[in-house]
Every structure is written in structure tokens, then in C-alpha cells.
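A.B. asks: One structure follows; several queries about it will come next.
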Amino acid sequence: MRVWNFKGGIHPPTKKLGKRSSIEKMPIPQKVSLFLAQNIGKPPKIIVEIGAKVKTGQEIAKADGFVSVPLHSPITGQVVEIKKQKHPVTSRPADVIVIERTSEDEWIKIEPAKSHDQFSKEEIVKRAQEAGLVGMGGATFPTHVKLSPSKKVDVLILNGAECEPYLTIDDRIMVEFPEEIVKGALAFSKALEVENIYIAIEENKPLAIDSMKRVASPLGIKVVKLLTKYPQGSEKHLIYAVTKRTVPLGGLPMDVGVVVQNVSTARAMYRALELGEPLIERGVSVTGEGVESPKNVLVRIGTPISHLLKLARVREESSRIILGGPMMGIALNDIDVGVMKGTSGISVFTDDIVKKRTEINCIRCGRCVDACPMNLEPYLLYKLFKKKRFNEMSDYNLMDCIECGSCSYVCPSNINHVKAFKMSKTVLRALKR
Amino acid sequence: MKLTTAPAPHIHDRISARAIMIDVLIALAPASILAVFMWGWYMLLLEIGSMVFAESIELFIMRVMRKKKEFVPDFSASVTGLLLALNVPAGISWWMMATGVFIAIIVGKEVWGGIGNNSFNPALVGRIFMYISFPAAMTAWPKTNWFNFSQAAYHLQTTATPLGEIKMHGVAAASKDFPNLMFNSFIGNIPGSAGEMSALALILGFVYLWWKGIISFEIPVAYIGTTFGMSAIFWLVSPNAYSDPTTSILLGGVMLGALFMATDPVTSPVSSKGKWIFGIGCGAITVLIRYVGSYPEGVNFAILLMNALVPFIDRITRPRVFGEVGRNA
Ligand code: SF4
Ligand code: SF4
């Protein structure tokens with residue numbers, strides 16, 4: 001079987017600690033804490049008040065415009081608090097709805113629920129929004145928007161690369177729920193009117209590849225094996241690896257006729273169509289050297305991260321808790337925030353792994369240039385950053401940096417380019433206004 | 001549980017500038033040890049002394065003058081010191097050596113802003129300074145005298161180098177004074193700068209660096225290849241005046257220069273294409289200085305000249321951004 005690839009990238013140890021741990025269903029929490037903003041685009045508008053009784057699956061915030069998705073209650077209970085809390089992704093105060101559980105699940109499902117092939121193209125797109133679906137690999141872009149491209153597309157790629165080290169949830173989802181993924185993929189392809197469906201998986205997941213092939217191949221869906229390399233799961237690189245098409249700078253996948261959806265999103269699509277379930281539950285890996293038993297769990301959105309840590313038996317000496325994986329994840333200082341729609345993993349590390357090292361001057365070794373999957377020159381951008389020459393950074397394609405962290409990973413001078421680049425992008429955006 | 005936060009990425013390759021420098025020192029070890037076998041204890045003193053002195057100067061500058069209290073030596077100064085010691089005649093007096101090291105670290109590196117900021121290879125800056133300031137001592141090449149640790153190299157009789165002989169008296173005369181020149185210059189049994197002679201020891205060291213992924217092959221291949229090719233042309237035209245191309249790349253500073261001086265990442269281009277251009281330029285200038293200019297050897301000036309062109313080379317060899325259409329680089 002051919003192995004697909006792209007230029008640049010790095011090979012961090014994959015450390016898929018939990019790859020043999022079957023997905024467990026986590027007990028329903030007594031309390032959930034839900035950030036309103038769980039999707040890219042506009043956060044939804046709250047439609048419940050403190051004291052309101054809500055049922056599992058009930059809409060508690062409704063979509064605010066097209067690039068927005070509603071939020072649903074993940075449990076049956078009562079809204080006890082609506083407050084502001086620091087959002088880990090944006091670091092700004094954001095609205096949070098807190099719900100306390102009062103009884104077993106009483107469901108409000110989305111009607112009608114029927115076999116995926118009985119939905120029309122328009123109904124599928126509509127259902128994706130109603131169910132609050134977003135890209136579950138971490139991008140959290142509303143799924144229905146991706147299903148409504150303004151250009152003709154001819155290829156759908158399901159992203160099962162899972163290139164972040166440590167994370168194993170997509171792997172397990174593919175091993176355990178291949179039928180659900182494939183049905184979701186068929187619905188996507190119907191909405192997009194495409195014939196070519198690929199499921200792309202890194203070659204370090206042989207079980208997932210076999211499992212997907214078994215179900216997908218008879219239906220004409222191609223399962224392709226990707227080289228294990230970070231950041232293989234980046235949309236542009238995945239598209240290049242699978243189709244040899246290059247998304248133009250500043251362009252979108254649909255500019256080259258491709259739409260990419262995460263495998264977990266496909267599964268959520270299936271559940272929204274056939275079971276009428278909105279997105280209130282997702283798979284999460286709890287992993288890293290900082291936990292005693294790395295796990296893959298299905299949890300309700302909003303479950304406090306501290307619960308997951310307890311379940312995987314976090315070690316006392318752990319010092320870093322990351323929302324996501326070690327390459328692009330965000331370090332938390334509050335473990336009571338709830339799991340979000342884009343939370344694919346919680347990585348926990350001890351100090352010896354994440355210890356900070358002193359930065360020294362760049363020695364121009366060129367490793368960052370070789371590692372950059374976008375073919376940028378991180379060392380040069382960083383030099384300009386130090387001189388605060390932001391406009392020149394933009395001439396050197398700063399805006400095309402995908403913030404993958406490959407450059408910082410390989411830098412012998414311990415420079416954190418990504419932090420500097422994120423800051424510079426913010427500055428540049430502010431200057432443009 | 002005490003939580004720490006930091007920006008992503010949270011894991012690292014565990015490579016450090018220090019680890020790289022230590023590997024370069026390891027790679028220079030075969031040539032350095034061979035030089036001690038050849039010239040005795042005084043050579044060892046020059047090598048160790050230069051490294052220690054270079055580190056001390058840097059430590060002083062960083063801790064006292066730049067007030068970086070947490071600075072720990074990264075061994076880049078040691079590399080400069082050792083390279084310089086390998087680049088001078090084995091009988092050089094200790095204070096000349098010390099002056100050279102001082103200039104290399106201060107003028108070659110620190111005035112630019114320290115590690116990473118210098119445009120020219122510091123060891124070469126030191127070497128050129130010594131060459132200009134002490135021309136007699138810098139061309140007094142002691143005869144080799146193997147396995148006599150107690151000898152002091154400055155007492156040894158001095159001689160001409162094969163390169164000088166060829167330049168002055170032609171190939172025939174040189175091969176009378178230096179029989180089996182090709183083989184001897186491969187293993188290192190000829191007079192010259194302390195660490196230059198043994199191509200074998202230098203190549204061994206380089207292969208280690210290449211295998212560890214620390215230095216790529218472009219510059220050495222381009223440099224040595226160009227020197228070989230251009231020397232071949234001169235040799236074909238006039239085999240009596242010029243040595244054959246194989247001997248040409250084995251003699252003098254080509255190996256040490258191409259493998260360890262031109263490849264200094266700080267002062268060479270970043271991209272692969274840029275490295276090729278840089279290496280070819282070094283090779284061409286070396287041969288031109290040797291055969292057209294008035295000096296017997298041109299490695300040092302060739303590398304310094306190309307060092308100056310690095311910003312330009314970097315500019316014309318920028319990689320094409322993924323997804324960019326139109327610009328071809
Ligand atoms: S990896 Fe670090 S030291 Fe090497 S060129 Fe890039 S920024 Fe400089
Ligand atoms: S973070 Fe940006 S600059 Fe660094 S390797 Fe990734 S894309 Fe390139």
C-alpha cells in the first residue's frame with residue numbers, strides 16, 4: 001500500500017500510550033460547566049435563565065447567524081449559574097453556563113431521526129447546524145458551513161491522521177465505531193455531492209486502518225495510509241498528501257475542490273441523523289506520563305477536567321495539564337473548566353518532560369527551516385520579531401504560519417518562535433484595522 | 001499538584017546548541033590527537049590552552065560585561081579555540097597563540113553581539129590576524145617527528161610545506177622532497193598547520209557529524225568537488241606546475257576548511273541551495289588564490305570572502321512557501 005507524504009515536518013516520539021485502551025463511557029457528571037464559545041465564528045446566544053430546568057439535548061443557546069452553532073444541555077438538571085470565566089483558548093473572560101444534574105437523562109432529541117440515506121442534501125446541512133456540530137479535531141469550525149462550499153468540490157477527505165503525539169481518541173473511534181464514521185461520511189458526501197471519499201490515517205494506526213478498510217472499502221471509500229509525521233493532520237498538508245493539490249496561500253481547501261472533516265465529526269454527524277442526538281458527548285484521550293492509566297473516554301461536554309484526571313489517576317508530581325496534545329495544546333491553570341467540543345485530549349506531564357530551557361541566540365543551524373511544513377523561515381521571522389519589524393514579517397509570509405510548533409520543537413537554541421509569531425499576528429491584525 | 005503554564009509546544013527535541021558544540025569537539029578529536037602524536041606535549045598544551053582561554057574570555061564577557069548571571073558555557077568558544085590551534089604551525093609561541101584566541105573571541109565574535117551574530121568565522125578572524133601580525137612564525141612549519149611526546153615542537157627544524165614547494169619549484173621538485181605525496185597527505189604524514197594534515201582524521205570526524213545530523217554534506221561536497229574540478233583543469237593544462245587534483249584537495253587547508261570551517265552554521269547559508277552556492281564559491285576562490293594569486297594557500301581568505309556574501313546568498317535562495325504560486329526560488 002502506498003504511503004503518502006509532504007515536505008517538511010518533524011518526527012516527535014508518537015507516545016501513543018493509550019492506543020490499546022478501549023473507549024470507556026464516563027459516568028455522567030453531577031455538574032457541567034459550558035463555555036458558550038465552543039466554535040469558531042460567533043458564539044451562540046443564551047436562551048435560558050438561571051433556575052431554568054433543562055433536559056438532556058435541549059437547546060440552551062441558539063445559533064447567532066450562519067457561522068455559528070447552537071449549544072445543548074448535556075445533562076438533565078437546572079441552570080445554576082451564568083458567569084464569566086477566563087476562556088483557556090482566547091485567555092479572555094467568556095460566558096459560562098453551569099448546570100447541576102437533578103435526575104437521569106430525559107432526552108429531547110432532534111426530530112426526525114431516520115437512516116442517513118433518507119435525508120436530502122439540504123436536510124443534512126440543516127441537521128449539522130441544529131445538532132451543533134463543529135470540527136472535533138480541535139479546529140471547531142462549524143460543520144454545516146464546511147458542507148456549504150461556494151465552489152464546486154469533488155473530493156471529501158476524512159481526517160484520521162491524529163498526528164499530535166500522545167492523542168489516541170480518533171484512533172480508538174476508528175477501531176470501535178467504523179460503521180458510524182462511514183455512515184457520517186456518506187452523509188457528508190451527499191451534502192457535498194462528491195463521489196471521491198478518502199479516509200486518511202497515519203501508518204502508526206494499523207488497527208484503525210484495517211477496521212476502516214473493512215467497512216469502507218466495499219462501499220468504494222478509499223482508505224489511504226499516511227506517513228507518520230507531524231503535522232500530517234494539518235488540512236493543507238493532508239490535502240497535499242492525498243490529492244497532490246496545493247491550497248493557495250490564504251486560500252481554503254474548497255479552492256482546490258476539497259473538503260476535510262474529522263473522523264469524530266463524521267461519527268457525530270451519523271448520531272445526529274440516525275439517533276437525533278445533538279453534540280453533547282465526545283471522545284477524549286487522557287494521556288501523558290503524568291497519569292497512571294492513560295484512557296480514552298466518552299464524556300459529556302462540560303464535564304470538569306478534574307474528573308477526567310481523577311479517572312486516569314493523575315500523578316501527584318505532574319505539573320503541566322494541557323488541553324489537547326503537547327505540540328499545539330494549551331496549558332491550563334484551572335482544572336475545573338469543562339470539556340469542550342474541540343477537546344480531543346487532556347495531556348498531563350511531569351516537570352522533566354516540560355522543563356523550560358534557557359533561550360540563547362539563534363545559531364542559524366537551519367533546523368527550523370527544514371522542519372517548517374509551510375516552508376517559511378522561522379529563524380528570519382524571529383529575527384524580525386526581535387526588532388519589532390512586524391510589517392516585514394508579513395512580507396515574509398508570517399500570516400501563513402499554521403502555528404504547528406515544529407520550528408520550536410527542533411530549535412537547539414530553545415527559541416519559542418510560535419509564541420512570538422502568535423503575538424506578531426495579533427499585532428499585525430490590529431495594525432490592519 | 002502545582003501547575004505550571006507555558007506556551008506550546010510543550011515538548012522539545014532535546015537537542016541543544018551545547019550538545020552540537022560538544023559533538024563538533026568530538027569530531028575534531030581524531031585530528032587533534034593525531035597532531036599530538038606528531039608533535040608532542042606542546043601541541044597538547046596549545047589545544048587545551050586555547051580552549052580554556054577562549055572559554056574564560058567568553059565567560060567573563062557574558063557574566064561580567066553582559067551581566068548574564070545564568071550564562072553557562074555552551075562550548076562554542078572551545079570550538080573556536082581548538083580550530084584556531086589546529087590552524088597554526090605546531091611550534092607557534094604560546095603568547096602568539098593566546099593573542100590569536102583573544103582576537104578570535106573578541107573581534108571575531110563578541111563585538112558582533114556574541115554567539116550567532118557574527119558574520120565571519122571567529123577562528124578564521126584569529127588566524128588571519130596572526131598571519132598578518134606574525135608572518136614569520138605563522139609560516140615556520142616544523143618537520144613532523146612521530147611519537148615523541150617529550151619533544152617541544154618549537155625546537156624542531158622547520159621546513160617548507162608541499163604547497164609552498166609546488167608553488168615555488170614545481171611538482172617535480174616537490175615530489176623529490178615529499179615522496180608518496182598523495183598517500184602521505186591522506187594519512188597526515190606531511191608538514192603544515194597542526195590539524196590540517198590528515199585528511200583521513202578530518203573525514204572521520206566529519207562523517208560522525210554528518211551521521212548525527214549536525215552538519216549536512218552540501219558545503220563540503222561542493223567545496224571539495226569544485227577544488228578538485230578546477231585543479232584538474234590547471235593540471236591538465238600544465239602537469240608540471242600544478243599538482244594532480246587528488247593531491248590538491250588533500251594538501252593544505254582544504255579538508256579542514258571545507259569540513260569544519262566553511263560549515264560553521266552561523267557563518268554559512270541556511271538553505272541547501274545556498275550551501276551549494278557557498279561551497280562552490282569557496283572552492284573556486286581557493287583554487288584561484290592558490291594558482292593565480294601570490295599565496296600558496298587560499299582556504300582562509302576564500303571562506304572569509306564567502307562569509308561576507310552569506311546574507312546575499314540567503315536572500316536569493318529563499319524557499320518557496322507552501323501554496324505560493326509565481327515566485328520561483
Ligand atoms: S532552529 Fe533555532 S537556532 Fe536553528 S536556525 Fe532555527 S531559530 Fe536558529
Ligand atoms: S509554527 Fe509556523 S513557522 Fe513554525 S514550523 Fe509551524 S508553520 Fe512553520
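Residue numbering restarts at 1 for every chain of the C-alpha cells, chains are lettered A, B, ... in their displayed order, and ligands are numbered from 1 as they appear.
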Residues of chain A no more than 8 Å from chain B, counting only C-alpha atoms: send them over as number ranges by chain.

C.D. replies: A: 12, 246-249, 316-321, 326-333, 353-354, 361-366, 369, 373-377, 397, 405, 408-414, 418-419

A.B. asks: Looking only at the backbone, which of the residues in stretch 129-374 of chain A does DSSP tag as strand (DSSP E), as a PyMOL selection string?

C.D. replies: chain A and resi 155-160+196-202+222-226+258-262+281-287+295-300+318-323+330-331+345-350

A.B. asks: Go ahead and dump the residues you just picked, C-alpha atoms, as a PDB file, in the first residue's frame.

C.D. replies:
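Final output, part-v1.pdb:
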```pdb
ATOM      1  CA  VAL A 155     -13.109  15.301  -3.026  1.00  0.00           C
ATOM      2  CA  LEU A 156     -14.041  14.649   0.583  1.00  0.00           C
ATOM      3  CA  ILE A 157     -11.262  13.652   2.956  1.00  0.00           C
ATOM      4  CA  LEU A 158     -11.941  12.294   6.403  1.00  0.00           C
ATOM      5  CA  ASN A 159      -9.054  13.256   8.641  1.00  0.00           C
ATOM      6  CA  GLY A 160      -7.955  10.329  10.776  1.00  0.00           C
ATOM      7  CA  ASN A 196     -14.407  10.620  -4.149  1.00  0.00           C
ATOM      8  CA  ILE A 197     -14.181   9.900  -0.468  1.00  0.00           C
ATOM      9  CA  TYR A 198     -10.860   9.267   1.235  1.00  0.00           C
ATOM     10  CA  ILE A 199     -10.179   8.314   4.803  1.00  0.00           C
ATOM     11  CA  ALA A 200      -6.614   9.304   5.606  1.00  0.00           C
ATOM     12  CA  ILE A 201      -4.837   7.629   8.524  1.00  0.00           C
ATOM     13  CA  GLU A 202      -1.218   7.718   9.685  1.00  0.00           C
ATOM     14  CA  LYS A 222     -10.621   4.771  -0.224  1.00  0.00           C
ATOM     15  CA  VAL A 223      -8.579   4.353   2.941  1.00  0.00           C
ATOM     16  CA  VAL A 224      -5.133   5.902   2.477  1.00  0.00           C
ATOM     17  CA  LYS A 225      -2.095   5.385   4.629  1.00  0.00           C
ATOM     18  CA  LEU A 226      -0.091   8.483   5.541  1.00  0.00           C
ATOM     19  CA  VAL A 258     -11.615  19.544  -1.356  1.00  0.00           C
ATOM     20  CA  VAL A 259     -13.473  19.447   1.933  1.00  0.00           C
ATOM     21  CA  VAL A 260     -11.850  17.884   5.011  1.00  0.00           C
ATOM     22  CA  GLN A 261     -13.802  16.615   8.005  1.00  0.00           C
ATOM     23  CA  ASN A 262     -12.516  14.915  11.112  1.00  0.00           C
ATOM     24  CA  GLU A 281     -20.771  13.973  24.140  1.00  0.00           C
ATOM     25  CA  ARG A 282     -17.361  13.348  22.665  1.00  0.00           C
ATOM     26  CA  GLY A 283     -14.332  11.112  22.916  1.00  0.00           C
ATOM     27  CA  VAL A 284     -11.344  12.387  24.841  1.00  0.00           C
ATOM     28  CA  SER A 285      -7.898  10.873  25.442  1.00  0.00           C
ATOM     29  CA  VAL A 286      -6.499  11.378  28.899  1.00  0.00           C
ATOM     30  CA  THR A 287      -2.841  10.697  28.463  1.00  0.00           C
ATOM     31  CA  LYS A 295      -7.514   6.292  28.901  1.00  0.00           C
ATOM     32  CA  ASN A 296      -9.894   7.011  26.095  1.00  0.00           C
ATOM     33  CA  VAL A 297     -13.300   8.035  27.331  1.00  0.00           C
ATOM     34  CA  LEU A 298     -16.653   9.187  26.042  1.00  0.00           C
ATOM     35  CA  VAL A 299     -17.652  12.152  28.148  1.00  0.00           C
ATOM     36  CA  ARG A 300     -20.425  14.682  28.232  1.00  0.00           C
ATOM     37  CA  SER A 318       2.526  16.227  37.487  1.00  0.00           C
ATOM     38  CA  SER A 319       2.996  19.867  36.714  1.00  0.00           C
ATOM     39  CA  ARG A 320       1.512  20.540  33.324  1.00  0.00           C
ATOM     40  CA  ILE A 321      -2.050  19.885  32.229  1.00  0.00           C
ATOM     41  CA  ILE A 322      -2.729  20.534  28.605  1.00  0.00           C
ATOM     42  CA  LEU A 323      -5.966  20.952  26.737  1.00  0.00           C
ATOM     43  CA  ILE A 330      -2.930  24.923  25.765  1.00  0.00           C
ATOM     44  CA  ALA A 331      -1.604  24.698  29.315  1.00  0.00           C
ATOM     45  CA  GLY A 345      -7.401  15.138  24.664  1.00  0.00           C
ATOM     46  CA  ILE A 346      -6.011  16.087  28.021  1.00  0.00           C
ATOM     47  CA  SER A 347      -2.267  15.575  28.221  1.00  0.00           C
ATOM     48  CA  VAL A 348      -0.582  15.517  31.582  1.00  0.00           C
ATOM     49  CA  PHE A 349       3.149  15.828  32.046  1.00  0.00           C
ATOM     50  CA  THR A 350       5.708  15.856  34.773  1.00  0.00           C
TER      51      THR A 350
END
```

A.B. asks: Restricting the calculation to only C-alpha atoms and all ligand atoms, which member of A:Ile108, A:Met423, A:Ile10, A:Ile209 is positioned closest to ligand 2?

C.D. replies: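 Nearest candidate to ligand 2 out of A:Ile108, A:Met423, A:Ile10, A:Ile209: A:Ile10.
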
A.B. asks: Would you pick out the contacts of A:Val80 at 10 Å or less, using only C-alpha atoms, so that residues sharing its chain but fewer than 4 positions from it are not included, and give the list as a list in words?

C.D. replies: Lys31, Glu49, Ile50, Gly51, Ala52, Lys53, Ile97, Val98, Ile99, Glu100 and Arg101 of chain A

A.B. asks: Nearest to B:Ile219: which of B:Thr317, B:Thr263, B:Asn180, B:Asn87 is it, counting only C-alpha atoms?

C.D. replies: B:Thr263

A.B. asks: Of the residues A:Lys16, A:Ala139, A:Val291, A:Gly8, which is the one nearest to ligand 2, using only C-alpha atoms and all ligand atoms?

C.D. replies: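 Nearest to ligand 2: A:Gly8.
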
A.B. asks: Which of stretch 122-311 of chain A end up as alpha helix (DSSP H) when DSSP is run on this backbone - answer as a ChimeraX atom specification?

C.D. replies: /A:122-130,143-146,169-176,178-192,206-216,235-243,263-270,305-311

A.B. asks: How far is it from atom CA of A:Ala63 to atom CA of A:Gly41, in Å with one decimal?

C.D. replies: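 Taking atom CA of A:Ala63 as the start and atom CA of A:Gly41 as the end point, the length is 10.3 Å.
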
A.B. asks: Quick one: pull the distance between atom CA of A:Ser264 and atom CA of A:Val145, Å, one decimal.

C.D. replies: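 Between atom CA of A:Ser264 and atom CA of A:Val145 the gap works out to 16.9 Å.
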
A.B. asks: Show me, as a list in words, the residues that have an atom within 10 Å of B:Thr246 when counting only C-alpha atoms, minus same-chain residues fewer than 6 positions from it.

C.D. replies: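 Non-adjacent residues within range: Met182, Phe186, Ile224, Thr227, Phe228, Gly229, Ser231 and Ala232 of chain B.
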
A.B. asks: Do a neighbour search on A:Glu59 at 7 Å with only C-alpha atoms, toss out local chain neighbours closer than 2 positions, and write the hits as a PyMOL selection string.

C.D. replies: chain A and resi 57+61-62+70-73
